[in-house]
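model.tsv, holding TSV, C-alpha atoms and all ligand atoms:
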chain	number	residue	atom	x	y	z
Z	73	MET	CA	76.19	167.59	210.51
Z	74	ARG	CA	73.98	168.02	207.45
Z	75	LEU	CA	73.79	165.03	205.13
Z	76	ALA	CA	73.20	166.03	201.54
Z	77	PRO	CA	70.81	164.17	199.25
Z	78	GLY	CA	72.70	161.32	197.58
Z	79	SER	CA	73.96	160.11	200.97
Z	80	THR	CA	73.05	156.64	202.23
Z	81	ILE	CA	70.67	156.14	205.14
Z	82	GLY	CA	70.87	152.79	206.94
Z	83	ILE	CA	67.60	151.55	208.39
Z	84	VAL	CA	67.72	148.78	210.99
Z	85	GLY	CA	64.48	146.81	210.72
Z	86	GLY	CA	62.76	146.01	207.44
Z	87	GLY	CA	59.06	146.20	208.27
Z	88	GLN	CA	56.41	148.61	207.02
Z	89	LEU	CA	57.82	151.54	208.99
Z	90	GLY	CA	61.22	151.06	207.34
Z	91	ARG	CA	59.48	150.66	203.98
Z	92	MET	CA	57.60	153.97	204.28
Z	93	MET	CA	60.75	155.67	205.62
Z	94	ALA	CA	62.75	154.45	202.62
Z	95	MET	CA	60.05	155.70	200.22
Z	96	ALA	CA	60.17	159.16	201.85
Z	97	ALA	CA	63.99	159.15	201.77
Z	98	ALA	CA	63.99	158.25	198.07
Z	99	ARG	CA	61.73	161.22	197.31
Z	100	LEU	CA	64.37	163.50	198.85
Z	101	GLY	CA	67.13	161.87	196.80
Z	102	TYR	CA	68.68	159.68	199.50
Z	103	LYS	CA	69.73	156.05	199.09
Z	104	CYS	CA	68.62	153.51	201.69
Z	105	HIS	CA	70.22	150.33	202.99
Z	106	ILE	CA	68.01	148.00	205.04
Z	107	TYR	CA	69.32	145.67	207.77
Z	108	ASP	CA	67.04	142.84	208.85
Z	109	PRO	CA	67.43	139.13	209.69
Z	110	HIS	CA	64.44	138.00	207.63
Z	111	TYR	CA	64.29	136.73	204.08
Z	112	ARG	CA	62.97	139.54	201.81
Z	113	PRO	CA	61.56	141.97	204.41
Z	114	CYS	CA	59.05	144.39	202.88
Z	115	ALA	CA	61.33	147.45	203.27
Z	116	ALA	CA	64.11	145.82	201.26
Z	117	GLU	CA	61.86	145.80	198.20
Z	118	VAL	CA	61.91	149.61	198.02
Z	119	ALA	CA	65.57	150.18	198.96
Z	120	GLY	CA	68.75	149.89	196.89
Z	121	ALA	CA	70.70	147.77	199.36
Z	122	PHE	CA	69.86	145.07	201.88
Z	123	THR	CA	71.94	143.28	204.48
Z	124	ARG	CA	70.42	140.10	205.84
Z	125	ALA	CA	72.01	139.37	209.21
Z	126	ALA	CA	71.12	138.93	212.86
Z	127	TYR	CA	70.61	142.03	214.99
Z	128	ASP	CA	73.18	140.81	217.51
Z	129	ASP	CA	75.87	140.19	214.89
Z	130	SER	CA	78.23	143.04	215.82
Z	131	ALA	CA	80.58	142.47	212.90
Z	132	ALA	CA	77.73	142.53	210.37
Z	133	VAL	CA	76.24	145.66	211.98
Z	134	ALA	CA	79.67	147.36	211.79
Z	135	ARG	CA	80.10	146.46	208.10
Z	136	PHE	CA	76.59	147.69	207.33
Z	137	ALA	CA	77.24	150.97	209.18
Z	138	GLU	CA	80.47	151.53	207.23
Z	139	ALA	CA	78.41	151.51	204.03
Z	140	CYS	CA	76.01	154.16	205.44
Z	141	ASP	CA	76.35	157.87	206.24
Z	142	VAL	CA	73.77	157.73	209.04
Z	143	VAL	CA	71.95	154.79	210.64
Z	144	THR	CA	68.44	154.85	212.10
Z	145	TYR	CA	66.01	152.21	213.34
Z	146	GLU	CA	62.34	151.47	212.77
Z	147	PHE	CA	61.70	149.57	215.99
Z	148	GLU	CA	63.10	149.51	219.49
Z	149	ASN	CA	63.48	145.84	220.37
Z	150	LEU	CA	67.08	145.67	219.21
Z	151	PRO	CA	70.25	144.59	221.03
Z	152	VAL	CA	71.95	147.81	222.11
Z	153	ALA	CA	75.64	146.81	222.13
Z	154	PRO	CA	76.23	146.44	218.35
Z	155	LEU	CA	74.52	149.80	217.74
Z	156	ALA	CA	76.36	151.55	220.59
Z	157	ALA	CA	79.59	151.09	218.62
Z	158	LEU	CA	78.19	153.41	215.92
Z	159	GLY	CA	78.45	156.52	218.13
Z	160	ASP	CA	77.08	159.70	216.51
Z	161	LYS	CA	76.28	157.88	213.27
Z	162	LEU	CA	73.27	156.34	215.01
Z	163	ARG	CA	70.23	158.64	215.12
Z	164	PRO	CA	68.33	158.47	217.41
Z	165	GLY	CA	71.01	157.24	219.83
Z	166	THR	CA	71.10	154.21	222.10
Z	167	ARG	CA	69.69	156.03	225.15
Z	168	SER	CA	66.30	156.27	223.40
Z	169	LEU	CA	66.53	152.56	222.57
Z	170	GLU	CA	67.47	151.47	226.09
Z	171	ILE	CA	64.60	153.36	227.68
Z	172	ALA	CA	61.92	152.37	225.18
Z	173	GLN	CA	62.73	148.65	225.14
Z	174	ASP	CA	62.24	148.08	228.87
Z	175	ARG	CA	58.86	149.00	230.34
Z	176	ALA	CA	60.25	149.41	233.87
Z	177	ALA	CA	63.11	151.70	232.77
Z	178	GLU	CA	60.61	153.61	230.62
Z	179	LYS	CA	58.18	154.24	233.48
Z	180	ARG	CA	61.00	155.31	235.82
Z	181	PHE	CA	62.31	157.68	233.17
Z	182	ILE	CA	58.86	159.20	232.52
Z	183	GLU	CA	58.18	159.69	236.24
Z	184	GLY	CA	61.69	161.11	236.72
Z	185	ALA	CA	60.92	163.70	234.05
Z	186	GLY	CA	57.84	164.77	236.02
Z	187	ALA	CA	55.13	163.15	233.87
Z	188	ARG	CA	52.42	160.79	235.16
Z	189	VAL	CA	51.98	157.09	234.39
Z	190	ALA	CA	49.40	154.61	235.73
Z	191	ALA	CA	50.25	153.24	239.20
Z	192	TRP	CA	52.63	150.32	238.66
Z	193	ARG	CA	54.97	147.79	240.27
Z	194	GLU	CA	57.96	145.92	238.95
Z	195	VAL	CA	57.21	142.19	239.10
Z	196	GLY	CA	59.82	139.41	238.95
Z	197	SER	CA	57.93	136.42	240.35
Z	198	GLU	CA	54.41	135.15	240.94
Z	199	ALA	CA	54.71	136.15	244.62
Z	200	GLU	CA	55.61	139.72	243.58
Z	201	LEU	CA	52.61	139.72	241.24
Z	202	GLN	CA	50.34	138.63	244.12
Z	203	ALA	CA	51.80	141.50	246.19
Z	204	ALA	CA	51.15	143.95	243.34
Z	205	VAL	CA	47.54	142.75	243.08
Z	206	ALA	CA	47.14	143.33	246.83
Z	207	ALA	CA	48.71	146.80	246.62
Z	208	LEU	CA	47.14	148.11	243.41
Z	209	GLY	CA	43.85	146.18	243.33
Z	210	VAL	CA	42.14	144.97	240.15
Z	211	PRO	CA	41.81	145.40	237.24
Z	212	LEU	CA	45.52	145.19	236.49
Z	213	VAL	CA	47.46	144.68	233.27
Z	214	LEU	CA	50.54	142.51	233.44
Z	215	LYS	CA	53.05	143.41	230.71
Z	216	SER	CA	56.38	141.74	230.03
Z	217	ARG	CA	59.20	144.26	230.47
Z	218	ARG	CA	60.71	143.49	227.10
Z	219	LEU	CA	59.64	142.49	223.58
Z	220	GLY	CA	55.99	143.50	223.90
Z	221	TYR	CA	54.13	145.20	221.05
Z	222	ASP	CA	50.56	145.39	219.74
Z	223	GLY	CA	49.24	143.96	223.01
Z	224	LYS	CA	51.58	140.94	222.87
Z	225	GLY	CA	53.14	139.83	226.18
Z	226	GLN	CA	50.17	141.28	228.08
Z	227	ALA	CA	47.50	139.75	230.30
Z	228	TRP	CA	44.61	141.37	232.13
Z	229	ILE	CA	43.88	140.43	235.73
Z	230	ARG	CA	40.27	141.26	236.55
Z	231	ASP	CA	40.07	139.05	239.61
Z	232	ALA	CA	42.84	138.27	242.12
Z	233	ASP	CA	42.47	134.54	241.25
Z	234	GLU	CA	43.68	135.24	237.72
Z	235	ALA	CA	47.18	136.25	238.83
Z	236	ARG	CA	48.63	132.75	238.49
Z	237	THR	CA	47.35	132.19	234.92
Z	238	ALA	CA	48.39	135.71	233.90
Z	239	TRP	CA	51.92	135.12	235.20
Z	240	ALA	CA	52.14	131.81	233.30
Z	241	SER	CA	50.69	133.37	230.13
Z	242	ILE	CA	53.47	135.93	229.80
Z	243	GLY	CA	55.99	133.12	230.22
Z	244	ASP	CA	57.27	133.73	233.75
Z	245	ALA	CA	59.28	136.72	232.46
Z	246	PRO	CA	60.31	139.99	234.20
Z	247	ALA	CA	57.26	142.23	233.97
Z	248	VAL	CA	55.43	145.29	235.20
Z	249	ALA	CA	51.94	145.26	236.68
Z	250	GLU	CA	49.97	148.43	236.11
Z	251	GLU	CA	46.52	149.52	237.11
Z	252	GLY	CA	43.80	149.20	234.48
Z	253	VAL	CA	43.13	152.80	233.53
Z	254	ASP	CA	39.55	153.94	233.11
Z	255	PHE	CA	40.41	156.35	230.31
Z	256	LYS	CA	37.99	158.45	228.29
Z	257	ALA	CA	40.07	158.17	225.12
Z	258	GLU	CA	43.57	157.52	223.85
Z	259	PHE	CA	45.71	159.90	221.82
Z	260	SER	CA	49.33	160.28	220.81
Z	261	VAL	CA	51.89	163.01	220.36
Z	262	LEU	CA	54.01	162.73	217.21
Z	263	ILE	CA	56.96	165.06	217.55
Z	264	ALA	CA	60.24	165.43	215.69
Z	265	ARG	CA	63.45	166.68	217.30
Z	266	GLY	CA	66.31	167.89	215.11
Z	267	THR	CA	70.07	167.73	215.62
Z	268	ASP	CA	69.87	171.35	216.86
Z	269	GLY	CA	67.26	170.46	219.51
Z	270	ALA	CA	64.39	172.16	217.62
Z	271	THR	CA	61.08	170.30	217.91
Z	272	SER	CA	57.95	170.24	215.79
Z	273	ALA	CA	54.74	168.34	216.63
Z	274	PHE	CA	51.95	167.16	214.36
Z	275	PRO	CA	48.32	167.67	215.37
Z	276	CYS	CA	47.55	164.89	217.88
Z	277	PRO	CA	45.50	161.93	216.62
Z	278	ARG	CA	42.88	160.19	218.73
Z	279	ASN	CA	43.56	156.45	218.65
Z	280	GLU	CA	41.15	153.53	218.95
Z	281	HIS	CA	42.54	150.10	219.85
Z	282	ASP	CA	41.03	146.65	219.79
Z	283	GLU	CA	42.72	143.85	221.72
Z	284	GLY	CA	45.82	146.02	222.12
Z	285	ILE	CA	46.14	146.72	218.38
Z	286	LEU	CA	45.59	150.15	216.85
Z	287	ARG	CA	42.54	150.12	214.57
Z	288	ARG	CA	41.89	153.79	213.79
Z	289	SER	CA	43.54	157.21	214.19
Z	290	THR	CA	41.54	160.40	213.72
Z	291	VAL	CA	42.72	164.02	213.43
Z	292	PRO	CA	41.89	166.47	214.69
Z	293	ALA	CA	41.25	164.69	217.99
Z	294	GLU	CA	38.10	166.00	219.58
Z	295	ALA	CA	37.12	166.25	223.25
Z	296	PRO	CA	38.49	165.19	225.66
Z	297	CYS	CA	41.86	164.88	223.87
Z	298	ASP	CA	41.92	168.34	222.28
Z	299	ALA	CA	42.13	170.18	225.59
Z	300	LEU	CA	45.02	167.96	226.74
Z	301	ALA	CA	47.10	168.18	223.56
Z	302	GLU	CA	49.16	171.27	224.37
Z	303	GLY	CA	50.33	169.94	227.74
Z	304	ALA	CA	50.98	166.50	226.25
Z	305	ILE	CA	53.12	168.00	223.48
Z	306	ALA	CA	55.17	169.88	226.10
Z	307	THR	CA	55.64	166.61	228.02
Z	308	ALA	CA	56.73	164.78	224.86
Z	309	ALA	CA	59.20	167.55	223.97
Z	310	ALA	CA	60.69	167.38	227.47
Z	311	LEU	CA	61.04	163.57	227.27
Z	312	ALA	CA	62.68	163.78	223.83
Z	313	ALA	CA	65.09	166.45	225.08
Z	314	ALA	CA	65.98	164.41	228.18
Z	315	LEU	CA	67.01	161.55	225.85
Z	316	ASP	CA	68.83	163.94	223.51
Z	317	HIS	CA	66.65	162.24	220.91
Z	318	VAL	CA	67.06	163.00	217.20
Z	319	GLY	CA	64.25	161.97	214.84
Z	320	MET	CA	60.56	161.23	215.25
Z	321	PHE	CA	59.41	160.48	218.79
Z	322	THR	CA	55.95	159.23	219.73
Z	323	VAL	CA	54.24	159.30	223.11
Z	324	GLU	CA	50.94	157.47	223.64
Z	325	PHE	CA	48.60	158.96	226.22
Z	326	PHE	CA	45.44	158.00	228.07
Z	327	ALA	CA	43.02	160.92	228.41
Z	328	CYS	CA	41.62	160.59	231.92
Z	329	ALA	CA	39.14	162.67	233.88
Z	330	ASP	CA	42.05	164.15	235.89
Z	331	GLY	CA	44.36	164.80	232.92
Z	332	PRO	CA	46.73	162.86	230.66
Z	333	LEU	CA	48.69	159.75	231.68
Z	334	VAL	CA	51.61	158.52	229.58
Z	335	ASN	CA	51.05	154.95	228.38
Z	336	GLU	CA	54.28	154.40	226.48
Z	337	ILE	CA	56.91	155.99	224.30
Z	338	ALA	CA	58.22	154.90	220.92
Z	339	PRO	CA	61.55	156.39	219.74
Z	340	ARG	CA	60.44	156.35	216.12
Z	341	VAL	CA	57.72	156.95	213.57
Z	342	HIS	CA	54.44	155.38	214.65
Z	343	ASN	CA	51.33	153.72	213.26
Z	344	SER	CA	49.20	156.55	214.68
Z	345	GLY	CA	51.10	158.95	212.37
Z	346	HIS	CA	50.42	157.18	209.06
Z	347	TRP	CA	47.67	159.70	208.27
Z	348	THR	CA	50.42	162.35	207.83
Z	349	ILE	CA	51.38	160.86	204.43
Z	350	GLU	CA	48.30	162.44	202.84
Z	351	GLY	CA	46.97	164.55	205.72
Z	352	ALA	CA	49.91	166.80	206.63
Z	353	ALA	CA	52.19	169.09	204.66
Z	354	THR	CA	55.14	166.84	205.60
Z	355	SER	CA	54.75	163.14	206.43
Z	356	GLN	CA	56.14	161.70	209.66
Z	357	PHE	CA	58.50	159.61	207.52
Z	358	GLU	CA	59.91	162.62	205.66
Z	359	GLN	CA	60.12	164.49	208.98
Z	360	HIS	CA	62.21	161.66	210.43
Z	361	ILE	CA	64.54	161.70	207.43
Z	362	ARG	CA	64.85	165.48	207.69
Z	363	ALA	CA	65.67	165.28	211.40
Z	364	ILE	CA	68.32	162.56	211.17
Z	365	CYS	CA	69.96	164.19	208.14
Z	366	GLY	CA	70.22	167.56	209.89
Z	367	LEU	CA	67.79	169.27	207.49
Z	368	PRO	CA	65.20	171.85	208.57
Z	369	LEU	CA	62.00	170.25	209.89
Z	370	GLY	CA	58.97	170.54	207.58
Z	371	SER	CA	55.53	172.02	208.20
Z	372	THR	CA	53.19	169.78	210.22
Z	373	ALA	CA	50.05	171.67	209.16
Z	374	LEU	CA	46.95	169.72	208.12
Z	375	VAL	CA	46.32	169.91	204.38
Z	376	ALA	CA	42.56	169.28	204.75
Z	377	GLY	CA	39.98	169.47	207.53
Z	378	GLY	CA	41.44	166.31	209.04
Z	379	ALA	CA	42.08	162.65	208.34
Z	380	VAL	CA	40.98	159.19	209.39
Z	381	MET	CA	43.42	156.28	209.11
Z	382	ASP	CA	42.18	152.70	209.36
Z	383	ASN	CA	44.56	149.79	209.71
Z	384	LEU	CA	44.07	146.73	207.55
Z	385	ILE	CA	44.75	143.90	209.96
Z	386	GLY	CA	44.93	140.24	208.93
Z	387	ALA	CA	42.15	139.35	206.48
Z	388	ASP	CA	41.01	143.03	206.28
Z	389	VAL	CA	43.55	143.33	203.49
Z	390	ASP	CA	41.35	141.16	201.25
Z	391	ARG	CA	39.09	144.21	200.91
Z	392	TRP	CA	41.68	145.98	198.74
Z	393	PRO	CA	39.67	145.88	195.49
Z	394	GLU	CA	36.64	147.45	197.18
Z	395	ILE	CA	38.78	150.14	198.89
Z	396	LEU	CA	40.52	150.98	195.62
Z	397	GLY	CA	37.09	151.73	194.15
Z	398	GLN	CA	36.20	154.23	196.88
Z	399	PRO	CA	36.82	157.86	195.91
Z	400	GLY	CA	39.17	159.53	198.38
Z	401	ALA	CA	40.48	156.31	199.91
Z	402	ASN	CA	44.30	156.34	199.96
Z	403	LEU	CA	45.31	152.69	200.09
Z	404	HIS	CA	48.72	151.51	201.34
Z	405	LEU	CA	49.65	147.84	201.12
Z	406	TYR	CA	52.85	146.58	202.70
Z	407	ASN	CA	53.28	143.37	200.69
Z	408	LYS	CA	54.09	141.36	203.82
Z	409	GLY	CA	52.86	138.04	202.44
Z	410	GLU	CA	50.68	135.91	204.65
Z	411	ALA	CA	47.74	137.82	206.23
Z	412	ARG	CA	47.94	136.20	209.67
Z	413	PRO	CA	45.36	137.32	212.27
Z	414	GLY	CA	46.60	140.43	214.10
Z	415	ARG	CA	49.25	141.22	211.45
Z	416	LYS	CA	49.32	144.79	210.10
Z	417	MET	CA	49.03	144.32	206.32
Z	418	GLY	CA	48.21	147.85	205.16
Z	419	HIS	CA	46.22	150.97	205.97
Z	420	VAL	CA	43.82	153.36	204.32
Z	421	THR	CA	43.62	157.11	204.91
Z	422	ARG	CA	40.64	159.28	204.07
Z	423	LEU	CA	40.84	163.08	204.28
Z	424	LYS	CA	37.97	165.08	205.75
I	501	LIG	P1	50.52	148.98	224.98
I	501	LIG	O1	51.13	147.85	224.21
I	501	LIG	O2	51.07	149.11	226.35
I	501	LIG	O3	50.52	150.26	224.22
I	501	LIG	O4	48.98	148.58	225.14
I	501	LIG	C1	48.13	148.48	224.00
I	501	LIG	C2	46.75	148.97	224.34
I	501	LIG	O5	46.19	148.22	225.43
I	501	LIG	C3	46.68	150.43	224.81
I	501	LIG	O6	46.72	151.32	223.73
I	501	LIG	C4	45.36	150.41	225.55
I	501	LIG	O7	44.27	150.44	224.67
I	501	LIG	C5	45.40	149.07	226.26
I	501	LIG	N1	46.06	149.23	227.58
I	501	LIG	C6	47.38	149.07	227.84
I	501	LIG	N2	47.66	149.34	229.13
I	501	LIG	C7	46.50	149.69	229.72
I	501	LIG	C8	46.12	150.08	231.04
I	501	LIG	N3	47.03	150.16	232.04
I	501	LIG	N4	44.84	150.38	231.27
I	501	LIG	C9	43.90	150.31	230.28
I	501	LIG	N5	44.19	149.93	229.01
I	501	LIG	C10	45.47	149.63	228.72

Can you give me the file's structure in the form of structure tokens?
Amino acid sequence: MRLAPGSTIGIVGGGQLGRMMAMAAARLGYKCHIYDPHYRPCAAEVAGAFTRAAYDDSAAVARFAEACDVVTYEFENLPVAPLAALGDKLRPGTRSLEIAQDRAAEKRFIEGAGARVAAWREVGSEAELQAAVAALGVPLVLKSRRLGYDGKGQAWIRDADEARTAWASIGDAPAVAEEGVDFKAEFSVLIARGTDGATSAFPCPRNEHDEGILRRSTVPAEAPCDALAEGAIATAAALAAALDHVGMFTVEFFACADGPLVNEIAPRVHNSGHWTIEGAATSQFEQHIRAICGLPLGSTALVAGGAVMDNLIGADVDRWPEILGQPGANLHLYNKGEARPGRKMGHVTRLK
């Protein structure tokens, strides 16, 4: 099904990803309708319609979907049942959501598809965590199975004595324990899959994190990521196909001495792809809109020698006047209000 410009795209989630998606959709002549429980989410400011309702309100989700020609989502921590009722109108579908919102299901799925993840154990109690520490050794990262992002719901265990505090710090919730990976670098695959199963990947960015939050993405990624990119793109394409995914799909990798390990998947556009707005012939946001509307995928070629994207996190955003004065700095501000520590407030991309 090809949706012509003029159609309405529903976006569940009204954060900066939804905002940049809506801006890309508008450029192609589509209308957008945002669904979010918050008061004035930043995506609603750039879209023609906004429904404010809870994500688990099935009746409100159904009414919203009736007003849209296709519905997509900008993040994966959503109740599945109300969206499952949308059938083919939801792109990507609920299988992508179910896998990406549960770290244990995600790791099983990745391993089942033949890709490697860090050694891990499912952990449902402090005793199981102690057993995981004994089996896997330290360092370990304890991650809650659900609702984790940007390093939230995570605790490092560097000494077996720290297991008890780590378990308490994630709130005694179902979790996974995974070995601390001694990676050389991190990179991601940003790939789109169309309704016809065609895929198209962007050049892989190298990603630098601080306290679990992405700080910088750089393309092209240099050694050791560059040599691993082709295999990683093939892995990401296989994972997207196994989910029958439609839209942008992101896979984060650790580059290790013995090859790539999958860290996690995101069934959506991703912070490590923001550089594509200025740095690629088609942005990841436009590519997502093209994929879910059944349009041909756009070129993912670099438009310059490369790009560096820096996140503006918390008070970093106060530097906006200085950044605006820098030639070649492409500033994006999300207008999210209060610049709390750790909150992604904007980003800046510089082409090489
Ligand atoms: P995540 O939320 O799982 O993507 O984790 C955020 C960041 O924490 C990653 O991008 C890594 O920088 C770091 N991290 C997560 N898991 C591990 C691990 N098993 N070993 C080493 N670093 C990790």

Find the residue from Z:Cys276, Z:Met93, Z:Ile229, Z:Met381 that sits nearest to ligand LIG 501 (chain I); use all atoms listed in the file when measuring.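 Going through Z:Cys276, Z:Met93, Z:Ile229, Z:Met381 one by one, the smallest distance to ligand LIG 501 (chain I) is for Z:Ile229.
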
Selection as a PDB file with C-alpha atoms, keeping the file's coordinate frame: residues within 10 Å of ligand LIG 501 (chain I) by all atoms listed in the file:
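Saved to part-v1.pdb:
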ATOM      1  CA  ARG Z 175      58.860 149.000 230.340  1.00  0.00           C
ATOM      2  CA  VAL Z 189      51.980 157.090 234.390  1.00  0.00           C
ATOM      3  CA  ALA Z 190      49.400 154.610 235.730  1.00  0.00           C
ATOM      4  CA  ALA Z 191      50.250 153.240 239.200  1.00  0.00           C
ATOM      5  CA  TRP Z 192      52.630 150.320 238.660  1.00  0.00           C
ATOM      6  CA  PRO Z 211      41.810 145.400 237.240  1.00  0.00           C
ATOM      7  CA  LEU Z 212      45.520 145.190 236.490  1.00  0.00           C
ATOM      8  CA  VAL Z 213      47.460 144.680 233.270  1.00  0.00           C
ATOM      9  CA  LEU Z 214      50.540 142.510 233.440  1.00  0.00           C
ATOM     10  CA  LYS Z 215      53.050 143.410 230.710  1.00  0.00           C
ATOM     11  CA  SER Z 216      56.380 141.740 230.030  1.00  0.00           C
ATOM     12  CA  GLY Z 220      55.990 143.500 223.900  1.00  0.00           C
ATOM     13  CA  TYR Z 221      54.130 145.200 221.050  1.00  0.00           C
ATOM     14  CA  ASP Z 222      50.560 145.390 219.740  1.00  0.00           C
ATOM     15  CA  GLY Z 223      49.240 143.960 223.010  1.00  0.00           C
ATOM     16  CA  LYS Z 224      51.580 140.940 222.870  1.00  0.00           C
ATOM     17  CA  GLY Z 225      53.140 139.830 226.180  1.00  0.00           C
ATOM     18  CA  GLN Z 226      50.170 141.280 228.080  1.00  0.00           C
ATOM     19  CA  ALA Z 227      47.500 139.750 230.300  1.00  0.00           C
ATOM     20  CA  TRP Z 228      44.610 141.370 232.130  1.00  0.00           C
ATOM     21  CA  ALA Z 249      51.940 145.260 236.680  1.00  0.00           C
ATOM     22  CA  GLU Z 250      49.970 148.430 236.110  1.00  0.00           C
ATOM     23  CA  GLU Z 251      46.520 149.520 237.110  1.00  0.00           C
ATOM     24  CA  GLY Z 252      43.800 149.200 234.480  1.00  0.00           C
ATOM     25  CA  VAL Z 253      43.130 152.800 233.530  1.00  0.00           C
ATOM     26  CA  ASP Z 254      39.550 153.940 233.110  1.00  0.00           C
ATOM     27  CA  PHE Z 255      40.410 156.350 230.310  1.00  0.00           C
ATOM     28  CA  ALA Z 257      40.070 158.170 225.120  1.00  0.00           C
ATOM     29  CA  GLU Z 258      43.570 157.520 223.850  1.00  0.00           C
ATOM     30  CA  PHE Z 259      45.710 159.900 221.820  1.00  0.00           C
ATOM     31  CA  SER Z 260      49.330 160.280 220.810  1.00  0.00           C
ATOM     32  CA  ASN Z 279      43.560 156.450 218.650  1.00  0.00           C
ATOM     33  CA  GLU Z 280      41.150 153.530 218.950  1.00  0.00           C
ATOM     34  CA  HIS Z 281      42.540 150.100 219.850  1.00  0.00           C
ATOM     35  CA  ASP Z 282      41.030 146.650 219.790  1.00  0.00           C
ATOM     36  CA  GLU Z 283      42.720 143.850 221.720  1.00  0.00           C
ATOM     37  CA  GLY Z 284      45.820 146.020 222.120  1.00  0.00           C
ATOM     38  CA  ILE Z 285      46.140 146.720 218.380  1.00  0.00           C
ATOM     39  CA  LEU Z 286      45.590 150.150 216.850  1.00  0.00           C
ATOM     40  CA  VAL Z 323      54.240 159.300 223.110  1.00  0.00           C
ATOM     41  CA  GLU Z 324      50.940 157.470 223.640  1.00  0.00           C
ATOM     42  CA  PHE Z 325      48.600 158.960 226.220  1.00  0.00           C
ATOM     43  CA  PHE Z 326      45.440 158.000 228.070  1.00  0.00           C
ATOM     44  CA  LEU Z 333      48.690 159.750 231.680  1.00  0.00           C
ATOM     45  CA  VAL Z 334      51.610 158.520 229.580  1.00  0.00           C
ATOM     46  CA  ASN Z 335      51.050 154.950 228.380  1.00  0.00           C
ATOM     47  CA  GLU Z 336      54.280 154.400 226.480  1.00  0.00           C
ATOM     48  CA  ILE Z 337      56.910 155.990 224.300  1.00  0.00           C
ATOM     49  CA  ALA Z 338      58.220 154.900 220.920  1.00  0.00           C
TER      50      ALA Z 338
END

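With all atoms listed in the file taken into account, the protein and nucleic acid residues at most 12 Å from Z:Ala299 (excluding it and anything under 2 positions from it in its own chain) are Phe259, Cys276, Pro292, Ala293, Glu294, Ala295, Pro296, Cys297, Ala301, Glu302, Gly303, Ala304, Ile305, Ala327, Cys328, Ala329, Asp330, Gly331 and Pro332 of chain Z.
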
As an exercise, work out the distance from atom CA of Z:Val84 to atom CA of Z:Phe181 in Å and give it to one decimal place.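 Between these atoms lies a distance of 24.5 Å.
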
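The coordinates place atom CA of Z:Arg265 at 18.9 Å from atom CA of Z:Ala187.
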
Looking at all atoms listed in the file, which of Z:Trp239, Z:Tyr102, Z:Tyr107, Z:Tyr145 is the one that sits closest to Z:Gly319? Z:Tyr145

My list of candidates is Z:Phe136, Z:Ala314, Z:Pro339, Z:Lys161. Which is closest to Z:Gly186 when distances are computed with all atoms listed in the file? Z:Ala314

Could you please determine the separation between atom CA of Z:Ala97 and atom CA of Z:Ile385 in Å, to one decimal place?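 So the answer is 25.9 Å.
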
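Candidate residues Z:Ala352, Z:Ala121, Z:Leu155, Z:Leu369 were compared for distance to Z:Gly269, and the nearest is Z:Leu369, using all atoms listed in the file.
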
Residue nearest Z:Arg167 among Z:Ala235, Z:Ala153, Z:Val380, Z:Ala204 (counting all atoms listed in the file): Z:Ala153

Rank Z:Ala373, Z:Ala125, Z:Val133, Z:Leu367 by their smallest atom-to-atom distance to Z:Ala273, using only C-alpha atoms, and report the top residue only.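 Result for the nearest residue to Z:Ala273: Z:Ala373.
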
Tell me which protein, DNA and RNA residues are within 9 Å of Z:Ala312, counting all atoms listed in the file, leaving out same-chain ones fewer than 3 positions away, and put them as an MDAnalysis selection string. chainID Z and resid 168 263:265 271 307:309 315:318 321 339

Find the residues near Z:Gly82: any atom within 12 Å, counting all atoms listed in the file, skip ones fewer than 2 places away on the same chain, and give them as a PyMOL selection string. chain Z and resi 79-80+84-86+90-91+93-94+97+102-108+115-116+119-123+133-146+155+158+161-163+361+364-365
